[in-house]
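Q: So that you have it, the file is entry.csv, and it contains CSV, C-alpha atoms:
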```
chain,number,residue,atom,x,y,z
A,1,MET,CA,92.1,95.4,56.0
A,2,ASP,CA,91.2,91.9,57.4
A,3,SER,CA,94.2,92.1,59.8
A,4,PHE,CA,93.3,95.6,60.9
A,5,LEU,CA,89.6,94.6,61.5
A,6,PHE,CA,90.8,91.5,63.5
A,7,SER,CA,93.1,93.6,65.6
A,8,ILE,CA,90.3,96.1,66.3
A,9,ARG,CA,88.0,93.3,67.3
A,10,ALA,CA,90.6,91.9,69.7
A,11,THR,CA,91.5,95.1,71.4
A,12,ALA,CA,88.3,97.2,71.3
A,13,PRO,CA,86.4,95.2,74.0
A,14,VAL,CA,89.5,95.4,76.3
A,15,PHE,CA,89.6,99.2,76.0
A,16,LEU,CA,85.8,99.6,76.3
A,17,MET,CA,85.8,97.6,79.6
A,18,MET,CA,88.4,100.0,81.0
A,19,VAL,CA,86.3,102.9,79.9
A,20,LEU,CA,83.2,101.3,81.5
A,21,GLY,CA,85.1,101.0,84.8
A,22,TYR,CA,86.1,104.7,84.6
A,23,VAL,CA,82.5,105.7,83.9
A,24,LEU,CA,81.1,103.6,86.7
A,25,ARG,CA,83.5,105.2,89.1
A,26,ARG,CA,82.4,108.6,88.0
A,27,LEU,CA,78.8,107.6,88.6
A,28,GLY,CA,79.6,106.5,92.1
A,29,LEU,CA,78.9,102.8,91.4
A,30,LEU,CA,82.5,101.8,92.0
A,31,ASP,CA,84.8,103.1,94.7
A,32,PRO,CA,88.5,102.7,95.9
A,33,HIS,CA,87.4,100.0,98.3
A,34,PHE,CA,85.9,97.9,95.4
A,35,CYS,CA,89.2,98.4,93.4
A,36,LYS,CA,91.3,97.3,96.4
A,37,VAL,CA,89.2,94.2,97.1
A,38,SER,CA,88.8,93.2,93.4
A,39,ASP,CA,92.6,93.7,92.7
A,40,LYS,CA,93.4,91.3,95.6
A,41,PHE,CA,90.8,88.7,94.5
A,42,VAL,CA,92.0,88.8,90.9
A,43,PHE,CA,95.7,88.6,92.0
A,44,THR,CA,95.3,85.7,94.5
A,45,ALA,CA,92.4,83.7,93.0
A,46,ALA,CA,91.0,84.5,89.6
A,47,LEU,CA,94.2,85.0,87.5
A,48,PRO,CA,96.0,81.9,89.0
A,49,ALA,CA,92.9,79.8,88.2
A,50,MET,CA,92.8,81.1,84.6
A,51,LEU,CA,96.5,80.5,84.1
A,52,PHE,CA,96.3,77.0,85.7
A,53,ARG,CA,93.4,76.1,83.4
A,54,ASP,CA,95.2,77.4,80.3
A,55,MET,CA,98.5,75.7,81.0
A,56,ALA,CA,96.7,72.4,81.9
A,57,ALA,CA,94.9,72.5,78.6
A,58,THR,CA,98.0,72.7,76.5
A,59,HIS,CA,99.5,69.5,75.0
A,60,LEU,CA,103.1,70.0,75.9
A,61,ARG,CA,104.3,66.5,75.0
A,62,GLU,CA,102.9,66.8,71.5
A,63,THR,CA,104.0,70.2,70.6
A,64,PHE,CA,107.2,70.6,72.6
A,65,ASP,CA,109.9,72.5,70.7
A,66,LEU,CA,112.9,73.2,72.9
A,67,PRO,CA,114.8,75.7,70.6
A,68,TYR,CA,111.6,77.8,70.2
A,69,ILE,CA,110.9,77.8,74.0
A,70,LEU,CA,114.6,78.7,74.7
A,71,PHE,CA,114.4,81.6,72.2
A,72,CYS,CA,111.3,83.0,73.9
A,73,ALA,CA,112.9,82.7,77.3
A,74,GLY,CA,116.2,84.2,76.1
A,75,VAL,CA,114.6,87.2,74.4
A,76,THR,CA,112.4,87.8,77.5
A,77,THR,CA,115.5,87.7,79.7
A,78,ALA,CA,117.6,89.9,77.5
A,79,VAL,CA,114.8,92.5,77.1
A,80,PHE,CA,114.0,92.6,80.9
A,81,PHE,CA,117.6,93.1,82.2
A,82,SER,CA,118.4,95.6,79.4
A,83,LEU,CA,115.4,97.7,80.2
A,84,TRP,CA,116.0,97.5,83.9
A,85,GLY,CA,119.6,98.7,83.5
A,86,LEU,CA,118.6,101.6,81.1
A,87,ALA,CA,115.7,102.6,83.4
A,88,ARG,CA,117.9,102.8,86.5
A,89,HIS,CA,120.3,105.0,84.6
A,90,PHE,CA,118.0,107.3,82.8
A,91,LEU,CA,114.8,107.7,84.9
A,92,ARG,CA,115.0,110.7,87.2
A,93,ASP,CA,112.2,109.4,89.4
A,94,LYS,CA,113.6,106.1,90.7
A,95,SER,CA,110.3,105.2,92.3
A,96,LEU,CA,108.9,104.6,88.8
A,97,VAL,CA,111.7,102.2,87.7
A,98,GLY,CA,109.8,99.1,88.6
A,99,GLU,CA,106.5,100.1,87.0
A,100,PHE,CA,108.3,101.4,83.8
A,101,VAL,CA,110.3,98.2,83.3
A,102,GLN,CA,107.3,95.9,83.9
A,103,VAL,CA,104.9,97.7,81.4
A,104,SER,CA,107.7,98.0,78.8
A,105,TYR,CA,108.4,94.2,78.5
A,106,ARG,CA,105.3,92.4,79.8
A,107,SER,CA,102.7,91.5,77.1
A,108,SER,CA,99.2,90.1,77.2
A,109,ALA,CA,100.6,86.9,75.8
A,110,ALA,CA,98.3,84.3,77.4
A,111,ILE,CA,95.0,86.0,76.6
A,112,LEU,CA,95.7,88.0,73.4
A,113,GLY,CA,98.2,85.6,72.0
A,114,CYS,CA,95.9,82.6,71.8
A,115,ALA,CA,93.0,84.8,70.5
A,116,ILE,CA,95.0,86.3,67.6
A,117,ILE,CA,96.7,83.0,66.5
A,118,GLN,CA,93.3,81.2,66.7
A,119,GLY,CA,91.8,83.9,64.6
A,120,ILE,CA,94.4,83.5,61.9
A,121,TYR,CA,95.0,79.7,61.9
A,122,GLY,CA,91.8,78.3,63.6
A,123,GLY,CA,93.9,76.9,66.5
A,124,THR,CA,96.3,78.1,69.1
A,125,GLY,CA,99.3,76.9,67.1
A,126,MET,CA,102.6,77.8,68.8
A,127,ALA,CA,101.0,80.1,71.4
A,128,PRO,CA,101.3,77.5,74.2
A,129,LEU,CA,105.0,77.1,73.6
A,130,MET,CA,105.5,80.9,73.6
A,131,ILE,CA,103.5,81.1,76.8
A,132,ILE,CA,105.7,78.4,78.4
A,133,GLY,CA,108.9,80.3,77.3
A,134,SER,CA,107.8,83.8,78.4
A,135,VAL,CA,104.8,84.0,80.8
A,136,PRO,CA,106.5,82.3,83.8
A,137,LEU,CA,109.5,84.7,83.3
A,138,PHE,CA,107.2,87.7,82.8
A,139,ASN,CA,105.8,87.1,86.3
A,140,ILE,CA,109.1,86.1,88.0
A,141,TYR,CA,110.9,89.2,86.6
A,142,ALA,CA,107.9,91.4,87.5
A,143,VAL,CA,108.1,90.3,91.2
A,144,LEU,CA,111.8,90.8,91.1
A,145,VAL,CA,111.8,94.4,89.8
A,146,LEU,CA,108.7,95.5,91.7
A,147,THR,CA,110.2,94.3,94.9
A,148,ILE,CA,113.7,95.6,94.5
A,149,GLU,CA,112.5,98.9,93.0
A,150,GLY,CA,109.5,99.2,95.3
A,151,PRO,CA,108.6,102.5,96.9
A,152,THR,CA,109.1,100.9,100.3
A,153,ALA,CA,112.2,98.9,99.4
A,154,SER,CA,114.9,99.2,102.1
A,155,GLY,CA,117.9,97.3,103.4
A,156,SER,CA,120.9,95.9,101.6
A,157,LEU,CA,120.7,94.4,98.1
A,158,GLY,CA,121.0,90.9,99.5
A,159,HIS,CA,118.0,91.6,101.8
A,160,ARG,CA,116.0,92.8,98.9
A,161,LEU,CA,116.9,89.9,96.7
A,162,ARG,CA,115.9,87.4,99.5
A,163,HIS,CA,112.6,89.3,99.8
A,164,ALA,CA,112.1,89.1,96.0
A,165,GLY,CA,112.9,85.4,96.1
A,166,LYS,CA,110.3,84.9,98.7
A,167,GLY,CA,107.8,86.9,96.6
A,168,ILE,CA,108.5,84.7,93.6
A,169,VAL,CA,108.0,81.3,95.3
A,170,THR,CA,104.8,82.5,97.0
A,171,ASN,CA,103.4,84.5,94.0
A,172,PRO,CA,99.9,83.1,93.3
A,173,ILE,CA,100.2,83.8,89.5
A,174,ILE,CA,103.5,81.9,89.2
A,175,LEU,CA,102.1,79.0,91.4
A,176,GLY,CA,99.1,78.8,89.1
A,177,ILE,CA,101.3,78.5,86.0
A,178,LEU,CA,103.6,75.9,87.6
A,179,LEU,CA,100.7,73.8,88.9
A,180,GLY,CA,99.1,73.9,85.5
A,181,VAL,CA,102.2,72.4,83.9
A,182,ILE,CA,101.9,69.2,85.9
A,183,PRO,CA,98.6,67.9,84.5
A,184,SER,CA,99.8,69.0,81.0
A,185,LEU,CA,102.9,66.9,81.2
A,186,LEU,CA,101.0,64.0,82.6
A,187,GLY,CA,98.4,64.2,79.8
A,188,LEU,CA,95.6,65.0,82.2
A,189,ASN,CA,94.0,67.7,79.9
A,190,ALA,CA,90.4,66.9,81.0
A,191,PHE,CA,89.1,67.6,84.5
A,192,PRO,CA,85.9,66.3,86.1
A,193,PRO,CA,83.0,68.4,84.8
A,194,ILE,CA,82.2,70.1,88.1
A,195,LEU,CA,85.9,71.1,88.6
A,196,ASP,CA,86.2,72.2,85.0
A,197,SER,CA,83.1,74.4,85.2
A,198,THR,CA,84.3,76.0,88.4
A,199,LEU,CA,87.7,76.8,86.9
A,200,ASP,CA,86.1,78.1,83.8
A,201,LEU,CA,83.8,80.5,85.8
A,202,MET,CA,86.8,81.7,87.9
A,203,ALA,CA,88.9,82.2,84.7
A,204,ARG,CA,86.1,84.2,83.0
A,205,VAL,CA,85.9,86.6,86.0
A,206,ALA,CA,89.7,87.4,85.9
A,207,THR,CA,90.0,89.6,82.8
A,208,PRO,CA,86.8,91.7,83.0
A,209,LEU,CA,87.2,92.4,86.8
A,210,ALA,CA,90.8,93.4,86.3
A,211,LEU,CA,89.8,95.8,83.5
A,212,LEU,CA,86.9,97.3,85.4
A,213,SER,CA,89.2,97.9,88.4
A,214,LEU,CA,91.9,99.4,86.2
A,215,GLY,CA,89.5,101.8,84.6
A,216,ALA,CA,87.9,102.8,87.9
A,217,SER,CA,91.3,103.5,89.4
A,218,PHE,CA,92.6,105.5,86.4
A,219,GLN,CA,93.6,109.0,87.3
A,220,GLY,CA,93.5,111.1,84.2
A,221,LYS,CA,95.2,114.2,85.6
A,222,GLN,CA,98.0,112.2,87.2
A,223,ALA,CA,98.4,110.2,84.0
A,224,LEU,CA,98.8,113.3,81.9
A,225,GLY,CA,101.7,114.3,84.2
A,226,LYS,CA,103.4,111.1,83.1
A,227,LEU,CA,102.4,111.2,79.5
A,228,ARG,CA,105.9,111.5,78.1
A,229,LEU,CA,107.1,108.5,80.1
A,230,SER,CA,104.0,106.6,79.2
A,231,ALA,CA,104.5,107.3,75.5
A,232,GLY,CA,108.1,106.2,75.8
A,233,ALA,CA,107.2,102.9,77.4
A,234,ALA,CA,104.4,102.3,74.8
A,235,ALA,CA,106.8,102.9,71.9
A,236,ILE,CA,109.3,100.5,73.4
A,237,LYS,CA,106.6,97.9,73.9
A,238,LEU,CA,104.8,98.1,70.5
A,239,LEU,CA,107.5,99.2,68.1
A,240,LEU,CA,111.1,99.0,69.4
A,241,LEU,CA,111.1,95.4,70.8
A,242,PRO,CA,109.5,93.8,67.6
A,243,ALA,CA,111.8,95.8,65.4
A,244,LEU,CA,114.9,94.5,67.2
A,245,PHE,CA,114.0,90.9,67.8
A,246,LEU,CA,111.7,89.8,65.0
A,247,PRO,CA,114.5,89.9,62.4
A,248,LEU,CA,116.5,87.7,64.8
A,249,ALA,CA,113.5,85.3,65.0
A,250,VAL,CA,113.4,85.1,61.2
A,251,TYR,CA,117.1,84.4,61.1
A,252,PHE,CA,116.6,81.4,63.3
A,253,GLY,CA,113.8,80.1,61.0
A,254,PHE,CA,110.7,80.9,63.0
A,255,THR,CA,107.8,81.7,60.6
A,256,ASP,CA,104.0,81.3,60.4
A,257,SER,CA,102.3,80.7,63.7
A,258,LYS,CA,105.7,80.7,65.5
A,259,LEU,CA,106.4,84.2,64.2
A,260,VAL,CA,102.9,85.4,65.0
A,261,ALA,CA,103.2,84.2,68.6
A,262,LEU,CA,106.5,86.1,68.9
A,263,ILE,CA,104.9,89.3,67.5
A,264,VAL,CA,102.3,89.0,70.3
A,265,MET,CA,105.0,88.2,72.9
A,266,LEU,CA,107.1,91.3,71.9
A,267,GLY,CA,104.6,93.8,70.6
A,268,SER,CA,101.2,93.3,72.0
A,269,THR,CA,99.5,95.5,74.7
A,270,SER,CA,100.9,95.6,78.2
A,271,THR,CA,98.8,93.1,80.1
A,272,PRO,CA,96.3,94.5,82.7
A,273,THR,CA,98.0,92.1,85.1
A,274,CYS,CA,100.8,94.6,85.3
A,275,TYR,CA,98.4,97.0,87.1
A,276,ILE,CA,97.1,94.3,89.4
A,277,MET,CA,100.6,93.2,90.4
A,278,ALA,CA,102.0,96.7,90.7
A,279,ARG,CA,99.2,97.8,93.0
A,280,SER,CA,99.4,94.6,95.0
A,281,MET,CA,103.0,95.2,95.7
A,282,GLY,CA,102.7,98.7,97.0
A,283,HIS,CA,103.3,100.8,93.8
A,284,GLU,CA,101.1,103.8,92.9
A,285,GLY,CA,100.0,102.3,89.6
A,286,THR,CA,99.3,105.5,87.7
A,287,LEU,CA,102.1,105.0,85.2
A,288,THR,CA,101.1,101.4,84.7
A,289,ALA,CA,97.5,102.2,84.1
A,290,SER,CA,98.4,104.9,81.6
A,291,VAL,CA,100.6,102.6,79.6
A,292,VAL,CA,98.1,99.7,79.6
A,293,VAL,CA,95.4,102.1,78.3
A,294,LEU,CA,97.8,103.6,75.7
A,295,THR,CA,99.1,100.3,74.4
A,296,THR,CA,95.6,98.8,74.3
A,297,VAL,CA,94.5,101.7,72.0
A,298,CYS,CA,97.6,101.6,69.8
A,299,SER,CA,98.2,97.9,69.6
A,300,ALA,CA,95.4,97.4,67.1
A,301,PHE,CA,97.5,99.4,64.6
A,302,SER,CA,100.9,98.2,65.6
A,303,LEU,CA,100.0,94.5,65.6
A,304,THR,CA,98.3,94.9,62.2
A,305,LEU,CA,101.5,96.5,60.9
A,306,TRP,CA,103.8,93.7,62.0
A,307,ILE,CA,101.4,91.0,60.8
A,308,PHE,CA,101.0,92.8,57.5
A,309,LEU,CA,104.8,93.1,57.1
A,310,GLY,CA,105.1,89.4,57.8
A,311,ARG,CA,102.6,88.5,55.1
A,312,GLN,CA,104.2,90.9,52.6
A,313,PHE,CA,107.6,89.2,53.0
A,314,GLY,CA,106.1,85.7,52.8
A,315,LEU,CA,106.9,84.9,56.5
A,316,ILE,CA,103.3,84.4,57.6
A,317,ALA,CA,101.0,82.2,55.5
```
Could I get this file's structure written as structure tokens?

A:
Amino acid sequence: MDSFLFSIRATAPVFLMMVLGYVLRRLGLLDPHFCKVSDKFVFTAALPAMLFRDMAATHLRETFDLPYILFCAGVTTAVFFSLWGLARHFLRDKSLVGEFVQVSYRSSAAILGCAIIQGIYGGTGMAPLMIIGSVPLFNIYAVLVLTIEGPTASGSLGHRLRHAGKGIVTNPIILGILLGVIPSLLGLNAFPPILDSTLDLMARVATPLALLSLGASFQGKQALGKLRLSAGAAAIKLLLLPALFLPLAVYFGFTDSKLVALIVMLGSTSTPTCYIMARSMGHEGTLTASVVVLTTVCSAFSLTLWIFLGRQFGLIA
């Protein structure tokens, strides 16, 4: 019951912020122009500031665990390319391949991961290492698939790969993560108070603004038309990936906070950043928004299930 209540407390505010955005749009207080401007602001400024601050605050030199980081990176890579290959083969509407792949593998690792582990252990534990191993790849692979499978993608594969490469090296979110690693490695975990307060304010804006925009842009009728596809992506995200890779993690000896971080990496809600990035790169975003909403509602139950099973088998203390 404690695990369930904790999961509800972690996911309910996220869902309610999206509902609030939808209600405000229906009341005429938010409009498409607001969503377009806020999406751009979150993508280019607020989210990079948040990820820079989070990465800079980690103590990489003290907690560095190369096998664990490589495991996170390897699983993320295997999941991404497997899903991409399957989506290209099975999806009838090829314009949805990029969106489907992104929401099926990309978790709310940075935000939800630290919150859940801190709630269980009183500290972030192995979350920073999981973030290092997965979050940069989450973003790199998202740019890759959304560019190559974009609705306006044209030209040869080589041309599209070069375009994707340019998108990766200029992506504000990726740059924020990489810049945040520098002060972490140098041990500069404290910034001058004015700079620290400014970064904190920018970071606090990112998530609520992204959720309001997602809710305001949500198209219920269009989402119902993609309900089967959305349900499939949500099942992959919340149930299939943890079922496949958590036993492998246990085999390699990852337990306690390391295992909890992997549960979040594999089976938590699709991050609202998926929607921001999909829209910013020319995709419709309806499928993405639908899956983010669906996984947010269902993840309270699925995360509780995986944590409960871990405790039952003595893998999570």

Q: Can you tell me how far atom CA of A:Leu29 sits from atom CA of A:Arg204, in Å to one decimal?

A: 21.6 Å

Q: Write out as a PyMOL selection string the residues lying within 8 Å of stretch 42-54 of chain A, counting all atoms listed in the file and excluding same-chain residues fewer than 3 positions away.

A: chain A and resi 38-39+57-58+110+172-181+199-200+202-207+209-210+276-277+280

Q: Taking only residues of stretch 187-277 of chain A that have an atom at most 12 Å from an atom of stretch 85-94 of chain A, what is each one's shortest atom pair and its distance in Å to one decimal, using all atoms listed in the file, in chain and number order, as a Markdown table?

A:
```
| residue | atom | partner | partner_atom | distance |
| --- | --- | --- | --- | --- |
| A:Lys226 | CA | A:Asp93 | CA | 11.0 |
| A:Arg228 | CA | A:Leu91 | CA | 11.8 |
| A:Leu229 | CA | A:Leu91 | CA | 9.1 |
| A:Gly232 | CA | A:Ala87 | CA | 11.3 |
| A:Ala233 | CA | A:Ala87 | CA | 10.4 |
```

Q: Counting all atoms listed in the file, which of A:Ala289, A:Leu66, A:Val103, A:Val79 gets nearest to A:Ala235?

A: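 Between A:Ala289, A:Leu66, A:Val103, A:Val79, the residue approaching A:Ala235 most closely is A:Val103.
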
Q: Rounded to one decimal in Å, what is the spacing between atom CA of A:Glu149 and atom CA of A:Gln102?

A: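 So the answer is 10.9 Å.
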
Q: For a test of reading the model, state the distance in Å between atom CA of A:Val260 and atom CA of A:Leu309, rounded to one decimal.

A: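 Distance reported for this atom pair: 11.2 Å.
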
Q: Which one of A:Leu305, A:Val293, A:Leu70, A:Leu262 sits closest to A:Leu239 if you count all atoms listed in the file?

A: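 Result for the nearest residue to A:Leu239: A:Leu305.
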
Q: May I ask which of the residues A:Ala12, A:Leu188, A:Ala216, A:Ala142 is the closest one to A:Gly28, counting all atoms listed in the file?

A: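 Of A:Ala12, A:Leu188, A:Ala216, A:Ala142, the one nearest A:Gly28, counting all atoms listed in the file, is A:Ala216.
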
Q: Could you check which of A:Ala249, A:Leu146, A:Ile131, A:Leu244 is closest to A:Ile69, using only C-alpha atoms?

A: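 Closest to A:Ile69, using only C-alpha atoms: A:Ile131.
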
Q: Could you list, as a count of residues only, every residue within 9 Å of A:Leu227, counting all atoms listed in the file and ignoring same-chain residues fewer than 6 positions away?

A: 3

Q: What lies within 7 Å of A:Ser134 using only C-alpha atoms, ignoring chain neighbours under 3 positions off, as a PyMOL selection string?

A: chain A and resi 72-73+76+130-131+137-138

Q: Show me as JSON, numbers by chain the residues that reach within 9 Å of (91.8, 94.9, 79.6), counting only C-alpha atoms and using the file's own coordinates.

A: {"A": [11, 13, 14, 15, 16, 17, 18, 207, 208, 209, 210, 211, 212, 214, 215, 271, 272, 273, 292, 293, 296]}

Q: Looking at all atoms listed in the file, which of A:Ile194, A:Ile182, A:Ala109, A:Leu60 is the one that sits closest to A:Gly267?

A: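 That would be A:Ala109, the residue with the smallest distance to A:Gly267.
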
Q: Of the residues A:Val143, A:Met55, A:Glu284, A:Phe252, which is the one nearest to A:Phe218, using all atoms listed in the file?

A: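 Selected residue with least distance to A:Phe218: A:Glu284.
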